[in-house]
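Dumped protein_16.txt below, it's compact mmCIF, C-alpha atoms:
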```txt
# COMPACT_ATOMS: atom_id res chain seq x y z
CA MET T 1 -27.42 -26.66 27.02
CA GLY T 2 -25.47 -26.12 23.83
CA LYS T 3 -23.04 -23.29 23.27
CA VAL T 4 -24.46 -20.00 22.02
CA LYS T 5 -23.24 -19.38 18.49
CA LYS T 6 -21.14 -16.23 18.37
CA GLU T 7 -22.34 -13.67 15.85
CA PHE T 8 -19.91 -11.70 13.71
CA ASN T 9 -20.33 -8.51 11.71
CA ASN T 10 -19.16 -7.64 8.21
CA TYR T 11 -17.26 -4.55 7.14
CA THR T 12 -19.20 -1.50 5.94
CA VAL T 13 -18.12 1.72 4.20
CA LEU T 14 -18.03 3.46 7.56
CA ASP T 15 -15.28 1.06 8.68
CA ALA T 16 -13.01 2.24 5.85
CA PHE T 17 -13.11 5.90 6.90
CA LYS T 18 -13.05 5.15 10.65
CA VAL T 19 -9.95 2.98 10.26
CA PHE T 20 -8.24 5.62 8.12
CA PHE T 21 -8.92 8.40 10.64
CA TYR T 22 -8.33 6.50 13.88
CA LEU T 23 -5.19 4.81 12.59
CA ALA T 24 -3.64 8.18 11.71
CA ILE T 25 -4.45 9.43 15.22
CA THR T 26 -3.07 6.25 16.81
CA VAL T 27 0.23 6.41 14.91
CA GLY T 28 0.71 10.07 15.84
CA VAL T 29 -0.14 9.58 19.52
CA VAL T 30 2.05 6.49 19.95
CA SER T 31 4.99 8.21 18.21
CA LEU T 32 4.67 11.23 20.52
CA LEU T 33 4.42 9.00 23.58
CA LEU T 34 7.56 7.09 22.60
CA GLN T 35 9.47 10.36 22.18
CA LEU T 36 8.21 11.50 25.57
CA VAL T 37 9.29 8.23 27.20
CA LEU T 38 12.76 8.59 25.66
CA LEU T 39 13.02 12.16 26.89
CA ILE T 40 11.99 11.23 30.43
CA ALA T 41 14.08 8.06 30.62
CA LEU T 42 17.27 9.36 29.01
CA GLY T 43 17.04 13.12 29.34
CA GLY T 44 17.59 15.63 26.55
CA GLU T 45 21.22 14.78 25.70
CA GLY T 46 20.71 11.07 26.25
CA SER T 47 17.66 10.91 23.97
CA ASN T 48 19.50 12.88 21.26
CA ALA T 49 22.42 10.46 21.47
CA PHE T 50 20.09 7.45 21.32
CA ILE T 51 18.38 8.83 18.21
CA GLU T 52 21.72 8.60 16.40
CA THR T 53 22.12 4.90 17.17
CA GLU T 54 21.42 1.88 15.00
CA THR T 55 19.01 0.51 17.60
CA PHE T 56 16.82 3.60 17.30
CA ASP T 57 16.73 3.25 13.50
CA ILE T 58 15.54 -0.34 13.81
CA ILE T 59 12.90 0.46 16.44
CA SER T 60 11.59 3.58 14.70
CA TYR T 61 11.02 1.76 11.41
CA MET T 62 9.22 -1.09 13.18
CA VAL T 63 6.86 1.14 15.19
CA THR T 64 4.38 2.14 12.47
CA PRO T 65 3.83 -1.30 10.86
CA THR T 66 3.58 -2.84 14.33
CA ILE T 67 0.86 -0.30 15.21
CA PHE T 68 -0.92 -1.18 11.96
CA ILE T 69 -0.95 -4.91 12.76
CA ILE T 70 -2.08 -4.43 16.37
CA PHE T 71 -4.74 -1.94 15.23
CA TYR T 72 -6.04 -4.50 12.73
CA PHE T 73 -6.67 -7.16 15.37
CA VAL T 74 -7.97 -4.74 18.01
CA TYR T 75 -10.38 -3.06 15.58
CA ASN T 76 -11.78 -6.41 14.44
CA LYS T 77 -12.14 -7.55 18.04
CA ILE T 78 -14.01 -4.42 19.12
CA HIS T 79 -16.33 -4.43 16.08
CA LYS T 80 -16.82 -8.21 16.18
CA VAL T 81 -15.49 -8.88 12.70
CA ARG T 82 -13.65 -12.08 11.83
CA ASN T 83 -9.97 -11.40 11.12
CA ILE T 84 -10.23 -13.61 8.05
CA ASN T 85 -12.87 -11.32 6.51
CA ALA T 86 -10.20 -8.88 5.34
CA LEU T 87 -8.12 -11.54 3.63
CA GLY T 88 -10.31 -12.30 0.63
CA ASP T 89 -13.70 -13.16 -0.84
CA GLY T 90 -13.53 -16.88 -0.23
CA GLN T 91 -11.93 -18.00 -3.49
CA LYS T 92 -9.09 -20.48 -3.44
CA ILE T 93 -5.56 -19.32 -4.17
CA SER T 94 -4.72 -19.36 -7.87
CA LEU T 95 -1.31 -19.47 -9.53
CA LEU T 96 -2.25 -16.91 -12.20
CA PRO T 97 -2.68 -13.90 -9.87
CA ILE T 98 0.50 -14.98 -8.10
CA SER T 99 2.35 -14.94 -11.43
CA VAL T 100 0.84 -11.55 -12.31
CA ALA T 101 1.93 -10.14 -8.95
CA ILE T 102 5.51 -11.31 -9.54
CA VAL T 103 5.59 -9.82 -13.07
CA LEU T 104 4.11 -6.52 -11.80
CA SER T 105 6.82 -6.23 -9.15
CA ILE T 106 9.48 -6.61 -11.87
CA ILE T 107 7.75 -4.04 -14.10
CA ALA T 108 7.50 -1.59 -11.21
CA ILE T 109 11.22 -1.77 -10.51
CA PHE T 110 12.73 -1.93 -13.99
CA LEU T 111 10.25 0.20 -15.96
CA PHE T 112 8.83 2.63 -13.37
CA THR T 113 11.85 3.37 -11.16
CA PRO T 114 13.79 5.40 -13.80
CA PHE T 115 10.73 7.61 -14.27
CA MET T 116 10.54 8.12 -10.49
CA ASN T 117 14.22 9.13 -10.54
CA LEU T 118 13.37 11.69 -13.22
CA ILE T 119 10.58 13.09 -11.05
CA ASP T 120 13.01 13.31 -8.10
CA PHE T 121 15.35 15.22 -10.40
CA PHE T 122 12.64 17.79 -11.15
CA PHE T 123 11.78 17.99 -7.45
CA SER T 124 15.45 18.64 -6.65
CA ASN T 125 15.65 21.41 -9.25
CA GLY T 126 12.54 22.93 -7.69
CA GLY T 127 14.19 23.12 -4.28
CA PHE T 128 12.89 19.88 -2.77
CA THR T 129 15.40 17.57 -1.06
CA PRO T 130 14.58 13.92 -1.83
CA ASP T 131 15.65 11.40 0.81
CA ASP T 132 16.66 8.07 -0.70
CA THR T 133 18.68 6.83 2.26
CA ILE T 134 17.87 3.47 3.80
CA PRO T 135 18.95 2.93 7.43
CA LEU T 136 21.53 0.16 7.80
CA GLN T 137 22.15 0.28 4.04
CA GLU T 138 25.94 0.03 4.31
CA LYS T 139 25.75 -2.81 6.81
CA MET T 140 23.12 -4.58 4.72
CA ALA T 141 25.48 -4.42 1.74
CA GLY T 142 28.31 -5.97 3.75
CA SER T 143 26.52 -8.54 5.87
CA TRP T 144 23.90 -11.15 4.97
CA SER T 145 22.56 -11.16 8.53
CA TYR T 146 21.95 -7.41 8.34
CA PHE T 147 20.48 -7.78 4.87
CA PHE T 148 17.89 -10.31 6.02
CA LEU T 149 17.18 -8.14 9.06
CA GLY T 150 16.56 -5.29 6.62
CA VAL T 151 14.28 -7.49 4.51
CA PHE T 152 12.17 -8.18 7.59
CA ILE T 153 12.07 -4.54 8.77
CA PHE T 154 11.78 -2.70 5.45
CA ALA T 155 10.06 -5.29 3.22
CA PHE T 156 8.07 -7.95 5.07
CA LEU T 157 6.71 -5.97 8.03
CA PRO T 158 5.46 -2.93 6.05
CA ALA T 159 3.96 -5.18 3.35
CA ILE T 160 1.91 -7.33 5.73
CA ALA T 161 0.87 -4.34 7.86
CA GLU T 162 -0.23 -2.08 5.01
CA GLU T 163 -2.01 -4.84 3.10
CA LEU T 164 -4.04 -5.86 6.15
CA ILE T 165 -5.21 -2.27 6.60
CA PHE T 166 -5.52 -0.87 3.07
CA ARG T 167 -6.34 -3.81 0.79
CA GLY T 168 -7.85 -5.68 3.74
CA ILE T 169 -10.17 -3.54 5.86
CA ILE T 170 -10.36 -0.32 3.83
CA GLN T 171 -10.70 -1.78 0.33
CA LYS T 172 -12.98 -4.59 1.48
CA SER T 173 -15.21 -2.04 3.25
CA LEU T 174 -15.43 0.35 0.30
CA ASN T 175 -16.19 -2.46 -2.14
CA THR T 176 -19.38 -3.33 -0.27
CA ARG T 177 -21.04 -0.29 -1.88
CA PHE T 178 -18.77 1.23 -4.51
CA SER T 179 -17.64 0.05 -7.94
CA GLY T 180 -14.21 -1.44 -8.51
CA PHE T 181 -12.82 1.78 -9.99
CA ALA T 182 -14.15 3.93 -7.13
CA THR T 183 -12.88 1.44 -4.55
CA ILE T 184 -9.39 1.28 -6.07
CA LEU T 185 -9.11 5.06 -6.44
CA LEU T 186 -10.26 5.85 -2.89
CA THR T 187 -8.07 3.14 -1.38
CA THR T 188 -5.07 4.38 -3.35
CA VAL T 189 -5.55 8.02 -2.32
CA MET T 190 -5.72 6.95 1.35
CA PHE T 191 -2.62 4.80 0.83
CA VAL T 192 -0.72 7.78 -0.62
CA LEU T 193 -1.81 10.21 2.11
CA MET T 194 -0.86 7.81 4.89
CA HIS T 195 2.74 7.81 3.59
CA GLY T 196 2.77 11.60 4.02
CA SER T 197 5.51 12.39 1.54
CA LEU T 198 5.67 14.35 -1.72
CA GLN T 199 8.60 12.24 -2.86
CA GLN T 200 6.59 9.02 -2.54
CA THR T 201 3.32 10.41 -3.90
CA VAL T 202 3.66 9.42 -7.56
CA TYR T 203 5.24 6.01 -6.96
CA GLN T 204 2.87 5.12 -4.11
CA PHE T 205 -0.09 6.16 -6.27
CA ILE T 206 1.05 3.82 -9.05
CA MET T 207 1.82 1.01 -6.60
CA GLY T 208 -1.48 1.60 -4.81
CA ILE T 209 -3.39 1.02 -8.05
CA LEU T 210 -1.41 -2.14 -8.81
CA LEU T 211 -1.88 -3.51 -5.31
CA SER T 212 -5.59 -2.71 -5.14
CA TYR T 213 -6.35 -4.12 -8.58
CA VAL T 214 -4.49 -7.39 -8.02
CA SER T 215 -6.17 -8.02 -4.67
CA LEU T 216 -9.63 -6.92 -5.83
CA VAL T 217 -9.71 -8.95 -9.05
CA GLY T 218 -7.74 -11.87 -7.62
CA GLY T 219 -10.04 -11.93 -4.59
CA CYS T 220 -7.32 -12.18 -1.94
CA ILE T 221 -4.77 -9.84 -0.33
CA LEU T 222 -2.15 -12.58 -0.60
CA TYR T 223 -1.53 -11.35 -4.16
CA SER T 224 -1.11 -7.70 -3.16
CA PHE T 225 1.09 -8.73 -0.23
CA LEU T 226 3.32 -10.73 -2.57
CA LEU T 227 3.57 -7.80 -5.00
CA HIS T 228 4.23 -5.35 -2.15
CA PHE T 229 6.84 -7.57 -0.51
CA LEU T 230 8.71 -8.37 -3.74
CA ASN T 231 8.75 -4.70 -4.73
CA ASN T 232 10.24 -3.78 -1.34
CA VAL T 233 12.83 -6.56 -1.56
CA LEU T 234 13.91 -5.52 -5.06
CA VAL T 235 14.25 -1.91 -3.89
CA LEU T 236 16.53 -3.10 -1.08
CA ILE T 237 18.61 -5.28 -3.41
CA PHE T 238 19.21 -2.56 -5.99
CA SER T 239 19.84 0.05 -3.28
CA CYS T 240 22.38 -2.03 -1.38
CA PHE T 241 24.09 -3.67 -4.35
CA ASP T 242 24.99 -1.70 -7.46
CA ILE T 243 23.74 -4.32 -9.93
CA VAL T 244 21.82 -2.20 -12.46
CA SER T 245 23.24 1.30 -12.70
CA TYR T 246 20.34 2.94 -14.56
CA LEU T 247 18.07 2.24 -11.56
CA SER T 248 20.24 4.32 -9.25
CA ALA T 249 19.30 7.99 -8.89
CA ASP T 250 22.89 8.82 -7.85
CA GLU T 251 24.28 7.51 -11.14
CA THR T 252 21.63 9.02 -13.41
CA PHE T 253 22.41 12.22 -15.33
CA TYR T 254 19.96 14.19 -17.45
CA TYR T 255 22.17 16.22 -19.78
CA ASN T 256 19.62 16.83 -22.58
CA PHE T 257 16.03 16.20 -23.67
CA PHE T 258 16.75 12.73 -25.05
CA SER T 259 18.27 11.53 -21.77
CA MET T 260 14.97 12.48 -20.11
CA LEU T 261 12.96 10.79 -22.87
CA PHE T 262 14.31 7.31 -22.09
CA PRO T 263 12.76 6.94 -18.60
CA PHE T 264 9.49 8.37 -19.91
CA LEU T 265 9.35 5.88 -22.80
CA ILE T 266 10.06 2.82 -20.67
CA PHE T 267 7.47 4.10 -18.19
CA LEU T 268 4.91 4.12 -21.03
CA LEU T 269 6.01 0.61 -21.94
CA GLY T 270 5.39 -0.42 -18.34
CA VAL T 271 1.92 1.14 -18.41
CA VAL T 272 1.04 -0.81 -21.56
CA LEU T 273 2.26 -4.09 -20.07
CA VAL T 274 0.33 -3.44 -16.85
CA ALA T 275 -2.83 -2.69 -18.84
CA ILE T 276 -2.47 -6.00 -20.70
CA LEU T 277 -1.97 -7.92 -17.46
CA PHE T 278 -4.97 -6.16 -15.90
CA TRP T 279 -7.13 -7.08 -18.88
CA VAL T 280 -6.06 -10.73 -18.77
CA LEU T 281 -6.70 -10.93 -15.04
CA LYS T 282 -10.16 -9.35 -15.32
CA TYR T 283 -11.11 -11.41 -18.38
CA LEU T 284 -10.25 -14.67 -16.64
CA ARG T 285 -12.01 -13.52 -13.47
CA ASN T 286 -15.17 -12.83 -15.50
CA LYS T 287 -14.84 -16.28 -17.05
CA ASN T 288 -14.76 -17.72 -13.50
CA PHE T 289 -11.21 -18.95 -14.01
CA PHE T 290 -10.44 -18.43 -10.31
CA ARG T 291 -13.57 -20.17 -9.03
CA PHE T 292 -13.62 -23.74 -7.79
CA GLU T 293 -17.30 -24.55 -7.31
CA THR T 294 -19.82 -27.29 -7.90
CA LYS T 295 -22.26 -27.14 -10.80
CA LYS T 296 -25.10 -26.46 -8.34
CA ALA T 297 -23.24 -23.56 -6.71
CA LYS T 298 -22.37 -22.13 -10.13
CA LYS T 299 -26.01 -22.34 -11.24
CA GLU T 300 -27.19 -20.54 -8.11
CA ARG T 301 -24.56 -17.80 -8.52
CA LEU T 302 -25.42 -17.19 -12.18
CA ALA T 303 -29.12 -16.96 -11.27
CA GLN T 304 -28.45 -14.07 -8.87
CA VAL T 305 -28.96 -10.52 -10.13
CA PRO T 306 -25.61 -8.65 -9.92
CA GLU T 307 -25.70 -5.84 -7.37
CA GLU T 308 -25.32 -2.43 -9.00
CA LYS T 309 -22.56 -0.49 -7.28
CA ILE T 310 -21.89 3.24 -7.09
CA GLY T 311 -19.40 4.91 -9.43
CA ILE T 312 -16.77 7.45 -8.43
CA SER T 313 -18.87 10.45 -9.47
CA GLN T 314 -21.66 9.44 -7.10
CA VAL T 315 -19.56 8.53 -4.07
CA TRP T 316 -20.04 11.74 -2.07
CA LYS T 317 -23.80 11.83 -2.69
CA ASN T 318 -24.19 8.28 -1.44
CA LEU T 319 -22.22 8.69 1.75
CA LYS T 320 -24.11 8.98 5.02
CA TYR T 321 -23.45 11.90 7.35
CA ASN T 322 -21.11 10.03 9.72
CA GLU T 323 -19.26 8.50 6.77
CA LYS T 324 -18.71 11.96 5.30
CA MET T 325 -17.44 13.29 8.63
CA TYR T 326 -14.88 10.52 9.10
CA MET T 327 -13.80 10.83 5.47
CA VAL T 328 -13.31 14.60 5.72
CA PHE T 329 -11.51 14.42 9.09
CA GLY T 330 -9.19 11.69 7.83
CA PHE T 331 -8.38 13.38 4.53
CA VAL T 332 -7.84 16.79 6.15
CA LEU T 333 -5.63 15.38 8.93
CA LEU T 334 -3.43 13.32 6.60
CA GLY T 335 -3.48 16.11 4.01
CA ILE T 336 -2.07 18.55 6.57
CA ILE T 337 0.65 16.08 7.56
CA TRP T 338 1.51 15.56 3.87
CA LEU T 339 1.68 19.34 3.37
CA ILE T 340 3.89 19.87 6.44
CA ASN T 341 6.32 17.14 5.30
CA THR T 342 6.35 18.63 1.80
CA ILE T 343 7.13 22.14 3.07
CA ASP T 344 9.84 20.67 5.28
CA GLY T 345 11.37 19.04 2.19
CA PHE T 346 11.70 22.44 0.53
CA MET T 347 13.40 24.01 3.55
```

Could you show the structure in this file as structure tokens?
Amino acid sequence: MGKVKKEFNNYTVLDAFKVFFYLAITVGVVSLLLQLVLLIALGGEGSNAFIETETFDIISYMVTPTIFIIFYFVYNKIHKVRNINALGDGQKISLLPISVAIVLSIIAIFLFTPFMNLIDFFFSNGGFTPDDTIPLQEKMAGSWSYFFLGVFIFAFLPAIAEELIFRGIIQKSLNTRFSGFATILLTTVMFVLMHGSLQQTVYQFIMGILLSYVSLVGGCILYSFLLHFLNNVLVLIFSCFDIVSYLSADETFYYNFFSMLFPFLIFLLGVVLVAILFWVLKYLRNKNFFRFETKKAKKERLAQVPEEKIGISQVWKNLKYNEKMYMVFGFVLLGIIWLINTIDGFM
């Protein structure tokens, strides 16, 4: 007898909201359990002393992305979905989206960062305490071994973990029913809420749009991973080494209206450049620039009637009851966490 062919499922919209909700619960529970283990194993004074160590900094920053990656594989295993399903839509890797991802990472750092520093300035004046510290920053600046360790912990690991979950499962699931705009917006809002920080809200919202668009139009999360990773690496470089002074919040002073106008103007320049890149990417996608197919396959694809997808204004009406419940629970839970962290920043 021959082997029975194993059947696999595809992602649905319900998967997006289930992953968002259950992942938030998982991260919270695991974090609490680790704190409990430390308290039991080391005692109150011992655990407090360990928290101040370099080892704890390294472990604590690796916990969340590690949970993300494990969750990705476990969720796919339980729901019988191929791990490769989240990676793309089957198109071959193209150099153009790779180039666009690299350019977007440069735009995000050089043209968007000064505007984020300006927002932090307003937050500070409003009583909020921004936290721009990076663990191991001093050692990373003085040692290449520590720097590459930092690249792995603060750049590579978060990029691969978050792209597998957000642009992988969540975005892929939402795009089965919703339009590109609705998919990108919902994915980005979830991405922002999962970070749970007022300080990161604006920048993560902008980055979320860039990451979602590149992966959706390019057809593969490799492009969003590359953009995410390069952005993280550049942040580390300019944080550890004082190469470009105007990117540093510590060295930026807003003494009049015109000093505040500069970051706003270069932010607008960045928005224009991003819009142009987005248009080029979409235009070439519509022209099948990324496709490598036979004439027969192309003829069959063109003969198919495009599936009409749901716009952002119709999302709620087209959600099923269980999808609405998971969406509400996830948004409320992460919204509360975001609010608590925000209040804590003002105290």

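All residues that come within 8 Å of the coordinates (-8.1, -17.7, -6.0), counting only C-alpha atoms, are given as T:Gly90, T:Gln91, T:Lys92, T:Ile93, T:Ser94, T:Leu95, T:Pro97, T:Gly218, T:Gly219, T:Cys220, T:Phe290, T:Arg291.
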
Distance of atom CA of Ser105 of chain T from atom CA of Leu273 of chain T, expressed in Å to one decimal place = 12.0 Å

Using only C-alpha atoms, tabulate the residues of segment 184-207 of chain T lying at most 10 Å from any atom of segment 306-320 of chain T, each with its closest atom pair and that distance in Å to one decimal, by chain and increasing residue number, as JSON lines.
```
{"residue": "T:Ile184", "atom": "CA", "partner": "T:Ile312", "partner_atom": "CA", "distance": 9.9}
{"residue": "T:Leu185", "atom": "CA", "partner": "T:Ile312", "partner_atom": "CA", "distance": 8.3}
{"residue": "T:Leu186", "atom": "CA", "partner": "T:Ile312", "partner_atom": "CA", "distance": 8.7}
```

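We find atom CA of Ile51 of chain T and atom CA of Leu32 of chain T to be spaced 14.1 Å apart.
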
At what distance in Å, to one decimal, does atom CA of Leu211 of chain T lie from atom CA of Glu323 of chain T?
->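 So the two atoms, atom CA of Glu323 of chain T and atom CA of Leu211 of chain T, lie 24.3 Å apart.
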
For Val217 of chain T, list every protein, DNA or RNA residue within 9 Å, evaluated using all atoms listed in the file, and leave out those in the same chain fewer than 6 positions away; present the list as a PyMOL selection string.
-> chain T and resi 97+180+278+281-282+285

Write out as number ranges by chain the residues lying within 12 Å of Phe241 of chain T, counting all atoms listed in the file and excluding same-chain residues fewer than 6 positions away.
-> T: 137-144, 147, 233-235, 247-248

Option closest in space to Asp344 of chain T, from T:Met207, T:Lys77, T:Phe123, T:Phe128 [counting all atoms listed in the file] =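 Going through T:Met207, T:Lys77, T:Phe123, T:Phe128 one by one, the smallest distance to Asp344 of chain T is for T:Phe128.
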
May I have the residues within 10 Å of segment 161-163 of chain T as a count of residues only, using only C-alpha atoms and disregarding those fewer than 3 positions away in the same chain?
-> 33

Which is closer to Ala275 of chain T than all the others in T:Leu104, T:Leu23, T:Ile109, T:Leu38, using only C-alpha atoms?
-> T:Leu104

Please give the centre and size of the box around segment 7-11 of chain T (axis-aligned, containing every atom listed in the file, 4 Å added per side), with values in Å to one decimal and written as lines of an AutoDock Vina configuration file.
```
center_x = -19.8
center_y = -9.1
center_z = 11.5
size_x = 13.1
size_y = 17.1
size_z = 16.7
```

Within 12 Å of Val192 of chain T, counting all atoms listed in the file, which residues show up once you throw out same-chain ones fewer than 5 positions away? Write them as an MDAnalysis selection string, please.
-> chainID T and resid 20 162 166 185:187 197:209 331 334:335 337:338

Name the residues in contact with Val274 of chain T at a cut-off of 10 Å, using only C-alpha atoms, excluding same-chain residues fewer than 4 positions from it; report them as number ranges by chain.
-> T: 100, 103-104, 107-108, 210, 268-270, 278-280

Minimum-distance residue to Arg177 of chain T, chosen among T:Tyr321, T:Tyr11, T:Tyr22, T:Phe152 (using only C-alpha atoms) =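 Looking at the shortest contact to Arg177 of chain T, the residue is T:Tyr11.
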
Nearest to Phe17 of chain T by atom-to-atom distance, counting all atoms listed in the file, from T:Val189, T:Leu174, T:Ala182, T:Ile336 =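 The shortest atom-to-atom distance to Phe17 of chain T comes from T:Leu174.
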